[in-house]
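**Q** Please read through the structure below; I'll follow up with questions.
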Amino acid sequence: MRALLYETFAAPIAVADLPDPVAPDGGAIVRVAASGLCRSDWHAWAGHDDTVLLPHVPGHEFVGVVEAVGDGVERWRAGDRVTAPFVNGCGRCEWCRSGQAQVCPDQTQPGFTHWGSHADLVAVRAADLNLVAVPDDIDDAAAASLGCRFATAYRAITARARIRPGEWVAVYGAGGVGLSAVMIAAALGARPIAVDRAPAALELARAFGAEHTLEAGDGTPDAIAALTGGGAHVSVDAVGSPATAGAAVRSLRRRGRHVQIGLLAGGGPVLPLDRVIGWELEVLGSHGMAAADYAGMLDLVASGAVSPRALVGARVGLAEAARLLPEAATAPPVGITVLDPTRD
């Protein structure tokens, strides 16, 4: 198979010819039709994830067609069109059995614990638990966002933040996951405020339902308090930095809920815990979404209330993806960039 490959962290990425993966027992091989380029892939490439072993093929959000299945797989056959969460549960532990595979202690993650989907083929463990059928009316580019950014935002807004119609939601970061959060919050009747440093990102956020947009700065929490009459009911850090996490918490009203989505390198921020205590704030983590919870998200997409396809900014081939991935942490947001491994 052809794939992106790096042999050293934070070094140039090559397009390489590599051996095809073999379906593990209970698992499947998926022929990749599209795979998103995500900031999490950049974290792995930069050496921030100790589960990544070199040499490595990145990529963790994808759509494709089942190529082969291993012994013991019952629900899937070659030719089935599928996606999968970026967190693949083991299928055996108490968390998987209760539908919470996103916190499975024996989880695997394509593109992190083993070679990923920036390739012609990718392996998925515990296929009966982790694969999800993709409806025909969701195209490949849109479906490629479902496994990570859109699904992560959906669960963060619905299951973790427990959003209610009319509530203010301050979203820090208008990249793929932040724009998804804005779109989903607006579709569910909430009132999103998008915060970013890039004017182009804020313009996209307005198009996707942000009621207000603010350029990030020291005064952003005070500006949000003024706009909302005391602060947001919910804040989301979709960037992952000490500055954005702290500002997001300070943007809340009393008894508000903060959801941390963005990954933090280097141990994380010092949050204003005096305010967390005095204002009885909730600080919540959100780590993707289990396959068992995809039905509600797919129903929302099918209703037309949200459009993951609108988040797709560009489709590129392997060579262009190899150039773009190292820039993912600093490139201006243009929606979601999708890799099509069949493109030159």
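Here's how to read the names in the structure tokens: chain A, B, ... by the order shown, residue numbers from 1 in each chain, ligand numbers from 1 in the order shown.
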For range 10-27 of chain A, list every protein, DNA or RNA residue within 8 Å, evaluated using only C-alpha atoms, and leave out those in the same chain fewer than 6 positions away; present the list as a list in words.

**A**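 My list of contacting residues is Met1, Arg2, Ala3, Leu4, Trp45, Ala46, Gly47, Ala68, Val69, Gly70, Asp71, Gly72, Val73, Leu121, Val122, Ala123, Val124, Arg125, Ala126, Ala127, Asp128, Leu318, Ala319, Ala322, Arg323 and Pro326 of chain A.
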
**Q** Please identify all polymer residues within 10 Å of Thr152 in chain A, counting only C-alpha atoms, omitting same-chain residues fewer than 6 positions from it, and present them as a compact mmCIF listing (two decimals) with all heavy atoms, in the first residue's frame.

**A**
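As a result, result.txt now contains:
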# COMPACT_ATOMS: atom_id res chain seq x y z
N PRO A 85 -14.89 5.29 15.23
CA PRO A 85 -14.36 6.31 16.13
C PRO A 85 -12.83 6.25 16.15
O PRO A 85 -12.23 5.21 15.86
CB PRO A 85 -14.92 5.92 17.50
CG PRO A 85 -15.99 4.92 17.24
CD PRO A 85 -15.64 4.25 15.95
N PHE A 86 -12.20 7.35 16.53
CA PHE A 86 -10.73 7.28 16.63
C PHE A 86 -10.30 6.46 17.84
O PHE A 86 -9.19 5.93 17.86
CB PHE A 86 -10.12 8.69 16.64
CG PHE A 86 -10.24 9.45 17.94
CD1 PHE A 86 -9.27 9.32 18.92
CD2 PHE A 86 -11.29 10.32 18.16
CE1 PHE A 86 -9.36 10.03 20.11
CE2 PHE A 86 -11.39 11.04 19.34
CZ PHE A 86 -10.42 10.89 20.32
N SER A 145 -14.87 13.18 8.46
CA SER A 145 -14.80 14.03 9.65
C SER A 145 -15.52 13.43 10.84
O SER A 145 -15.38 13.92 11.96
CB SER A 145 -15.39 15.41 9.35
OG SER A 145 -16.81 15.33 9.24
N LEU A 146 -16.32 12.39 10.63
CA LEU A 146 -17.19 11.90 11.69
C LEU A 146 -16.44 11.18 12.79
O LEU A 146 -16.86 11.19 13.95
CB LEU A 146 -18.27 10.98 11.10
CG LEU A 146 -19.24 11.62 10.11
CD1 LEU A 146 -20.24 10.57 9.62
CD2 LEU A 146 -19.98 12.80 10.74
N VAL A 177 -12.87 21.01 14.87
CA VAL A 177 -13.71 20.59 16.00
C VAL A 177 -14.50 21.78 16.55
O VAL A 177 -15.67 21.64 16.93
CB VAL A 177 -12.87 19.90 17.09
CG1 VAL A 177 -11.96 20.86 17.81
CG2 VAL A 177 -13.77 19.17 18.08
N GLY A 178 -13.91 22.97 16.58
CA GLY A 178 -14.62 24.13 17.06
C GLY A 178 -15.78 24.52 16.17
O GLY A 178 -16.88 24.84 16.65
N SER A 180 -17.37 22.48 14.23
CA SER A 180 -18.37 21.44 14.43
C SER A 180 -19.20 21.73 15.67
O SER A 180 -20.43 21.59 15.67
CB SER A 180 -17.70 20.07 14.56
OG SER A 180 -16.99 19.71 13.40
N ALA A 181 -18.53 22.15 16.75
CA ALA A 181 -19.24 22.47 18.00
C ALA A 181 -20.20 23.63 17.80
O ALA A 181 -21.33 23.61 18.30
CB ALA A 181 -18.24 22.79 19.10
N ILE A 261 -11.78 19.85 25.11
CA ILE A 261 -11.61 18.94 23.98
C ILE A 261 -10.17 18.98 23.49
O ILE A 261 -9.56 17.96 23.23
CB ILE A 261 -12.56 19.33 22.81
CG1 ILE A 261 -14.02 19.18 23.23
CG2 ILE A 261 -12.27 18.46 21.60
CD1 ILE A 261 -14.99 19.63 22.15
N SER A 286 -13.62 15.48 27.50
CA SER A 286 -14.39 14.77 26.47
C SER A 286 -13.42 14.13 25.50
O SER A 286 -12.57 14.82 24.92
CB SER A 286 -15.33 15.73 25.74
OG SER A 286 -16.28 15.03 24.98
N HIS A 287 -13.54 12.82 25.34
CA HIS A 287 -12.55 12.04 24.59
C HIS A 287 -13.23 11.25 23.49
O HIS A 287 -13.44 10.05 23.58
CB HIS A 287 -11.82 11.09 25.55
CG HIS A 287 -10.63 10.42 24.96
ND1 HIS A 287 -10.41 9.06 25.04
CD2 HIS A 287 -9.58 10.92 24.27
CE1 HIS A 287 -9.28 8.75 24.44
NE2 HIS A 287 -8.77 9.86 23.96
N GLY A 288 -13.62 11.95 22.42
CA GLY A 288 -14.24 11.26 21.30
C GLY A 288 -15.65 10.78 21.63
O GLY A 288 -16.33 11.30 22.51
N MET A 289 -16.07 9.73 20.91
CA MET A 289 -17.40 9.17 21.10
C MET A 289 -17.40 7.72 20.67
O MET A 289 -16.85 7.37 19.62
CB MET A 289 -18.44 9.97 20.29
CG MET A 289 -19.88 9.52 20.53
SD MET A 289 -21.09 10.64 19.82
CE MET A 289 -20.97 10.25 18.07
N ALA A 290 -18.01 6.86 21.46
CA ALA A 290 -18.07 5.43 21.15
C ALA A 290 -19.00 5.18 19.96
O ALA A 290 -19.95 5.93 19.71
CB ALA A 290 -18.56 4.65 22.36

**Q** Among range 101-215 of chain A, which residues carry a DSSP assignment of strand (DSSP E), reported as number ranges by chain?

**A** A: 121-124, 132-133, 168-172, 191-196, 212-215

**Q** Calculated over only C-alpha atoms, which of the candidates A:Val338, A:Leu53, A:Ala185, A:Leu227 has the smallest distance to Arg162 in chain A?

**A**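 The closest residue to Arg162 in chain A is A:Ala185.
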
**Q** Could you please determine the separation between CA of Thr337 in chain A and CA of Leu37 in chain A in Å, to one decimal place?

**A** 5.6 Å

**Q** Which residues, written as a PyMOL selection string, have at least one atom at most 12 Å from Thr228 in chain A, with only C-alpha atoms counted and residues fewer than 2 positions away on the same chain left out?

**A** chain A and resi 166-170+191-193+211-212+221-226+230-234+251-253

**Q** When distances are computed from only C-alpha atoms, which of A:Ala194, A:Leu264, A:Val239, A:Val249 shows the smallest separation from Asp49 in chain A?

**A**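 That would be A:Leu264, the residue with the smallest distance to Asp49 in chain A.
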
**Q** Counting only C-alpha atoms, what is within 7 Å of range 88-95 of chain A, bar same-chain residues fewer than 3 positions away, as a PyMOL selection string?

**A** chain A and resi 85+98-104+106-109+125-126+129-130

**Q** Which residues, written as JSON, numbers by chain, have at least one atom at most 8 Å from Val32 in chain A, with only C-alpha atoms counted and residues fewer than 2 positions away on the same chain left out?

**A** {"A": [30, 34, 35, 62, 63, 64, 65, 117, 119, 120, 121, 122, 340, 341]}

**Q** Just the selected residues (N, CA, C and O atoms), exported as an mmCIF file, in the first residue's frame, please.

**A**
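Produced file again_36.cif, reproduced below:
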data_model
loop_
_atom_site.group_PDB
_atom_site.id
_atom_site.type_symbol
_atom_site.label_atom_id
_atom_site.label_comp_id
_atom_site.auth_asym_id
_atom_site.auth_seq_id
_atom_site.Cartn_x
_atom_site.Cartn_y
_atom_site.Cartn_z
ATOM 1 N N VAL A 30 -9.811 -1.899 6.306
ATOM 2 C CA VAL A 30 -10.667 -0.972 5.555
ATOM 3 C C VAL A 30 -9.832 -0.310 4.470
ATOM 4 O O VAL A 30 -8.725 0.195 4.746
ATOM 5 N N ALA A 34 -11.290 8.268 2.179
ATOM 6 C CA ALA A 34 -10.938 9.622 2.592
ATOM 7 C C ALA A 34 -10.527 9.595 4.054
ATOM 8 O O ALA A 34 -11.045 8.797 4.839
ATOM 9 N N SER A 35 -9.594 10.492 4.407
ATOM 10 C CA SER A 35 -9.085 10.547 5.781
ATOM 11 C C SER A 35 -8.748 11.987 6.121
ATOM 12 O O SER A 35 -8.050 12.666 5.364
ATOM 13 N N PHE A 62 -11.559 8.493 9.294
ATOM 14 C CA PHE A 62 -11.587 7.973 7.933
ATOM 15 C C PHE A 62 -12.942 7.380 7.595
ATOM 16 O O PHE A 62 -13.765 7.080 8.460
ATOM 17 N N VAL A 63 -13.141 7.179 6.314
ATOM 18 C CA VAL A 63 -14.260 6.407 5.786
ATOM 19 C C VAL A 63 -13.709 5.527 4.684
ATOM 20 O O VAL A 63 -12.722 5.862 4.034
ATOM 21 N N GLY A 64 -14.322 4.371 4.498
ATOM 22 C CA GLY A 64 -13.862 3.477 3.446
ATOM 23 C C GLY A 64 -14.744 2.256 3.342
ATOM 24 O O GLY A 64 -15.869 2.234 3.867
ATOM 25 N N VAL A 65 -14.228 1.258 2.683
ATOM 26 C CA VAL A 65 -14.966 0.021 2.423
ATOM 27 C C VAL A 65 -14.183 -1.140 3.015
ATOM 28 O O VAL A 65 -12.958 -1.219 2.859
ATOM 29 N N SER A 117 -4.683 5.815 9.031
ATOM 30 C CA SER A 117 -5.506 5.859 7.828
ATOM 31 C C SER A 117 -5.009 6.825 6.754
ATOM 32 O O SER A 117 -5.694 7.017 5.749
ATOM 33 N N ALA A 119 -3.343 6.359 4.343
ATOM 34 C CA ALA A 119 -2.821 5.218 3.604
ATOM 35 C C ALA A 119 -3.947 4.613 2.775
ATOM 36 O O ALA A 119 -5.118 4.987 2.927
ATOM 37 N N ASP A 120 -3.595 3.664 1.928
ATOM 38 C CA ASP A 120 -4.627 2.959 1.164
ATOM 39 C C ASP A 120 -5.466 2.050 2.050
ATOM 40 O O ASP A 120 -6.660 1.841 1.781
ATOM 41 N N LEU A 121 -4.849 1.491 3.106
ATOM 42 C CA LEU A 121 -5.516 0.504 3.950
ATOM 43 C C LEU A 121 -5.231 0.807 5.417
ATOM 44 O O LEU A 121 -4.147 1.285 5.765
ATOM 45 N N VAL A 122 -6.215 0.498 6.289
ATOM 46 C CA VAL A 122 -6.029 0.684 7.720
ATOM 47 C C VAL A 122 -6.701 -0.467 8.461
ATOM 48 O O VAL A 122 -7.753 -0.966 8.041
ATOM 49 N N ASP A 340 -7.430 12.174 0.128
ATOM 50 C CA ASP A 340 -7.933 11.111 -0.735
ATOM 51 C C ASP A 340 -6.716 10.359 -1.257
ATOM 52 O O ASP A 340 -5.979 10.862 -2.106
ATOM 53 N N PRO A 341 -6.463 9.136 -0.748
ATOM 54 C CA PRO A 341 -5.223 8.430 -1.116
ATOM 55 C C PRO A 341 -5.163 8.028 -2.585
ATOM 56 O O PRO A 341 -4.104 7.637 -3.068
#

**Q** Residues at most 12 Å from Ala153 in chain A, counting only C-alpha atoms, excluding those fewer than 3 positions away in the same chain, as a PDB file with N, CA and C atoms, in the first residue's frame?

**A**
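What follows is the written file around-v7.pdb:
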ATOM      1  N   SER A 145     -14.873  13.182   8.459  1.00  0.00           N
ATOM      2  CA  SER A 145     -14.799  14.031   9.654  1.00  0.00           C
ATOM      3  C   SER A 145     -15.522  13.430  10.845  1.00  0.00           C
ATOM      4  N   LEU A 146     -16.321  12.390  10.629  1.00  0.00           N
ATOM      5  CA  LEU A 146     -17.194  11.904  11.688  1.00  0.00           C
ATOM      6  C   LEU A 146     -16.437  11.177  12.786  1.00  0.00           C
ATOM      7  N   GLY A 147     -15.334  10.512  12.456  1.00  0.00           N
ATOM      8  CA  GLY A 147     -14.663   9.679  13.443  1.00  0.00           C
ATOM      9  C   GLY A 147     -13.964  10.442  14.545  1.00  0.00           C
ATOM     10  N   CYS A 148     -13.592  11.689  14.267  1.00  0.00           N
ATOM     11  CA  CYS A 148     -12.886  12.466  15.289  1.00  0.00           C
ATOM     12  C   CYS A 148     -13.570  13.789  15.541  1.00  0.00           C
ATOM     13  N   ARG A 149     -13.371  14.761  14.666  1.00  0.00           N
ATOM     14  CA  ARG A 149     -13.761  16.125  15.008  1.00  0.00           C
ATOM     15  C   ARG A 149     -15.263  16.302  15.199  1.00  0.00           C
ATOM     16  N   PHE A 150     -16.060  15.842  14.253  1.00  0.00           N
ATOM     17  CA  PHE A 150     -17.503  16.059  14.370  1.00  0.00           C
ATOM     18  C   PHE A 150     -18.085  15.222  15.510  1.00  0.00           C
ATOM     19  N   ALA A 156     -19.305  16.142  23.063  1.00  0.00           N
ATOM     20  CA  ALA A 156     -18.966  17.202  24.013  1.00  0.00           C
ATOM     21  C   ALA A 156     -20.146  18.121  24.261  1.00  0.00           C
ATOM     22  N   ILE A 157     -20.865  18.478  23.204  1.00  0.00           N
ATOM     23  CA  ILE A 157     -21.984  19.410  23.324  1.00  0.00           C
ATOM     24  C   ILE A 157     -23.220  18.737  23.924  1.00  0.00           C
ATOM     25  N   THR A 158     -23.469  17.492  23.552  1.00  0.00           N
ATOM     26  CA  THR A 158     -24.706  16.831  23.982  1.00  0.00           C
ATOM     27  C   THR A 158     -24.524  16.070  25.296  1.00  0.00           C
ATOM     28  N   ALA A 159     -23.617  15.113  25.329  1.00  0.00           N
ATOM     29  CA  ALA A 159     -23.505  14.231  26.493  1.00  0.00           C
ATOM     30  C   ALA A 159     -22.713  14.845  27.633  1.00  0.00           C
ATOM     31  N   ARG A 160     -21.686  15.649  27.326  1.00  0.00           N
ATOM     32  CA  ARG A 160     -20.854  16.196  28.387  1.00  0.00           C
ATOM     33  C   ARG A 160     -21.381  17.560  28.857  1.00  0.00           C
ATOM     34  N   ALA A 161     -21.590  18.489  27.934  1.00  0.00           N
ATOM     35  CA  ALA A 161     -22.099  19.813  28.326  1.00  0.00           C
ATOM     36  C   ALA A 161     -23.586  19.788  28.646  1.00  0.00           C
ATOM     37  N   ILE A 163     -26.173  20.406  26.742  1.00  0.00           N
ATOM     38  CA  ILE A 163     -26.656  21.696  26.274  1.00  0.00           C
ATOM     39  C   ILE A 163     -28.177  21.739  26.226  1.00  0.00           C
ATOM     40  N   VAL A 171     -17.182  28.988  22.355  1.00  0.00           N
ATOM     41  CA  VAL A 171     -16.296  27.997  21.744  1.00  0.00           C
ATOM     42  C   VAL A 171     -14.972  28.674  21.409  1.00  0.00           C
ATOM     43  N   ALA A 174     -11.793  27.988  16.223  1.00  0.00           N
ATOM     44  CA  ALA A 174     -12.719  27.747  15.111  1.00  0.00           C
ATOM     45  C   ALA A 174     -12.027  26.952  14.019  1.00  0.00           C
ATOM     46  N   GLY A 175     -11.320  25.895  14.435  1.00  0.00           N
ATOM     47  CA  GLY A 175     -10.847  24.894  13.493  1.00  0.00           C
ATOM     48  C   GLY A 175     -11.926  23.848  13.276  1.00  0.00           C
ATOM     49  N   GLY A 176     -11.528  22.640  12.871  1.00  0.00           N
ATOM     50  CA  GLY A 176     -12.516  21.619  12.546  1.00  0.00           C
ATOM     51  C   GLY A 176     -13.424  21.256  13.696  1.00  0.00           C
ATOM     52  N   VAL A 177     -12.869  21.005  14.873  1.00  0.00           N
ATOM     53  CA  VAL A 177     -13.709  20.589  15.995  1.00  0.00           C
ATOM     54  C   VAL A 177     -14.497  21.777  16.546  1.00  0.00           C
ATOM     55  N   GLY A 178     -13.909  22.969  16.576  1.00  0.00           N
ATOM     56  CA  GLY A 178     -14.623  24.132  17.062  1.00  0.00           C
ATOM     57  C   GLY A 178     -15.783  24.521  16.166  1.00  0.00           C
ATOM     58  N   LEU A 179     -15.557  24.491  14.846  1.00  0.00           N
ATOM     59  CA  LEU A 179     -16.646  24.785  13.912  1.00  0.00           C
ATOM     60  C   LEU A 179     -17.751  23.741  14.026  1.00  0.00           C
ATOM     61  N   SER A 180     -17.368  22.480  14.225  1.00  0.00           N
ATOM     62  CA  SER A 180     -18.373  21.438  14.428  1.00  0.00           C
ATOM     63  C   SER A 180     -19.197  21.733  15.672  1.00  0.00           C
ATOM     64  N   ALA A 181     -18.530  22.152  16.752  1.00  0.00           N
ATOM     65  CA  ALA A 181     -19.238  22.469  17.997  1.00  0.00           C
ATOM     66  C   ALA A 181     -20.203  23.628  17.796  1.00  0.00           C
ATOM     67  N   VAL A 182     -19.778  24.664  17.057  1.00  0.00           N
ATOM     68  CA  VAL A 182     -20.654  25.799  16.770  1.00  0.00           C
ATOM     69  C   VAL A 182     -21.880  25.334  15.990  1.00  0.00           C
ATOM     70  N   MET A 183     -21.660  24.539  14.947  1.00  0.00           N
ATOM     71  CA  MET A 183     -22.750  24.070  14.099  1.00  0.00           C
ATOM     72  C   MET A 183     -23.747  23.228  14.895  1.00  0.00           C
ATOM     73  N   ILE A 184     -23.242  22.320  15.718  1.00  0.00           N
ATOM     74  CA  ILE A 184     -24.109  21.427  16.485  1.00  0.00           C
ATOM     75  C   ILE A 184     -24.872  22.211  17.551  1.00  0.00           C
ATOM     76  N   ALA A 185     -24.185  23.099  18.256  1.00  0.00           N
ATOM     77  CA  ALA A 185     -24.849  23.891  19.290  1.00  0.00           C
ATOM     78  C   ALA A 185     -25.973  24.732  18.693  1.00  0.00           C
ATOM     79  N   VAL A 236     -16.185  25.794  25.737  1.00  0.00           N
ATOM     80  CA  VAL A 236     -15.490  24.680  25.095  1.00  0.00           C
ATOM     81  C   VAL A 236     -14.116  25.170  24.665  1.00  0.00           C
ATOM     82  N   ASP A 237     -13.058  24.481  25.107  1.00  0.00           N
ATOM     83  CA  ASP A 237     -11.729  24.755  24.567  1.00  0.00           C
ATOM     84  C   ASP A 237     -11.445  23.725  23.487  1.00  0.00           C
ATOM     85  N   ALA A 238     -11.515  24.166  22.228  1.00  0.00           N
ATOM     86  CA  ALA A 238     -11.256  23.291  21.093  1.00  0.00           C
ATOM     87  C   ALA A 238      -9.865  23.510  20.529  1.00  0.00           C
ATOM     88  N   VAL A 259     -16.024  22.319  28.981  1.00  0.00           N
ATOM     89  CA  VAL A 259     -15.645  21.051  28.367  1.00  0.00           C
ATOM     90  C   VAL A 259     -14.298  21.228  27.673  1.00  0.00           C
ATOM     91  N   GLN A 260     -13.340  20.414  28.057  1.00  0.00           N
ATOM     92  CA  GLN A 260     -12.007  20.455  27.450  1.00  0.00           C
ATOM     93  C   GLN A 260     -11.917  19.391  26.368  1.00  0.00           C
ATOM     94  N   ILE A 261     -11.781  19.852  25.111  1.00  0.00           N
ATOM     95  CA  ILE A 261     -11.610  18.945  23.979  1.00  0.00           C
ATOM     96  C   ILE A 261     -10.171  18.984  23.485  1.00  0.00           C
ATOM     97  N   GLY A 262      -9.617  20.199  23.337  1.00  0.00           N
ATOM     98  CA  GLY A 262      -8.280  20.340  22.762  1.00  0.00           C
ATOM     99  C   GLY A 262      -7.229  19.650  23.605  1.00  0.00           C
ATOM    100  N   GLY A 285     -13.895  16.629  30.913  1.00  0.00           N
ATOM    101  CA  GLY A 285     -13.127  16.173  29.761  1.00  0.00           C
ATOM    102  C   GLY A 285     -14.045  15.485  28.763  1.00  0.00           C
ATOM    103  N   SER A 286     -13.622  15.476  27.495  1.00  0.00           N
ATOM    104  CA  SER A 286     -14.393  14.771  26.472  1.00  0.00           C
ATOM    105  C   SER A 286     -13.418  14.133  25.498  1.00  0.00           C
ATOM    106  N   HIS A 287     -13.539  12.822  25.337  1.00  0.00           N
ATOM    107  CA  HIS A 287     -12.546  12.041  24.592  1.00  0.00           C
ATOM    108  C   HIS A 287     -13.233  11.250  23.486  1.00  0.00           C
ATOM    109  N   GLY A 288     -13.621  11.947  22.415  1.00  0.00           N
ATOM    110  CA  GLY A 288     -14.245  11.259  21.296  1.00  0.00           C
ATOM    111  C   GLY A 288     -15.646  10.778  21.625  1.00  0.00           C
ATOM    112  N   MET A 289     -16.071   9.733  20.910  1.00  0.00           N
ATOM    113  CA  MET A 289     -17.402   9.173  21.103  1.00  0.00           C
ATOM    114  C   MET A 289     -17.399   7.719  20.668  1.00  0.00           C
ATOM    115  N   MET A 297     -26.082  11.113  16.347  1.00  0.00           N
ATOM    116  CA  MET A 297     -25.378  12.056  15.489  1.00  0.00           C
ATOM    117  C   MET A 297     -25.778  11.874  14.026  1.00  0.00           C
ATOM    118  N   PRO A 308     -21.917  18.146   7.933  1.00  0.00           N
ATOM    119  CA  PRO A 308     -20.464  17.974   8.016  1.00  0.00           C
ATOM    120  C   PRO A 308     -19.759  18.288   6.699  1.00  0.00           C
TER     121      PRO A 308
END
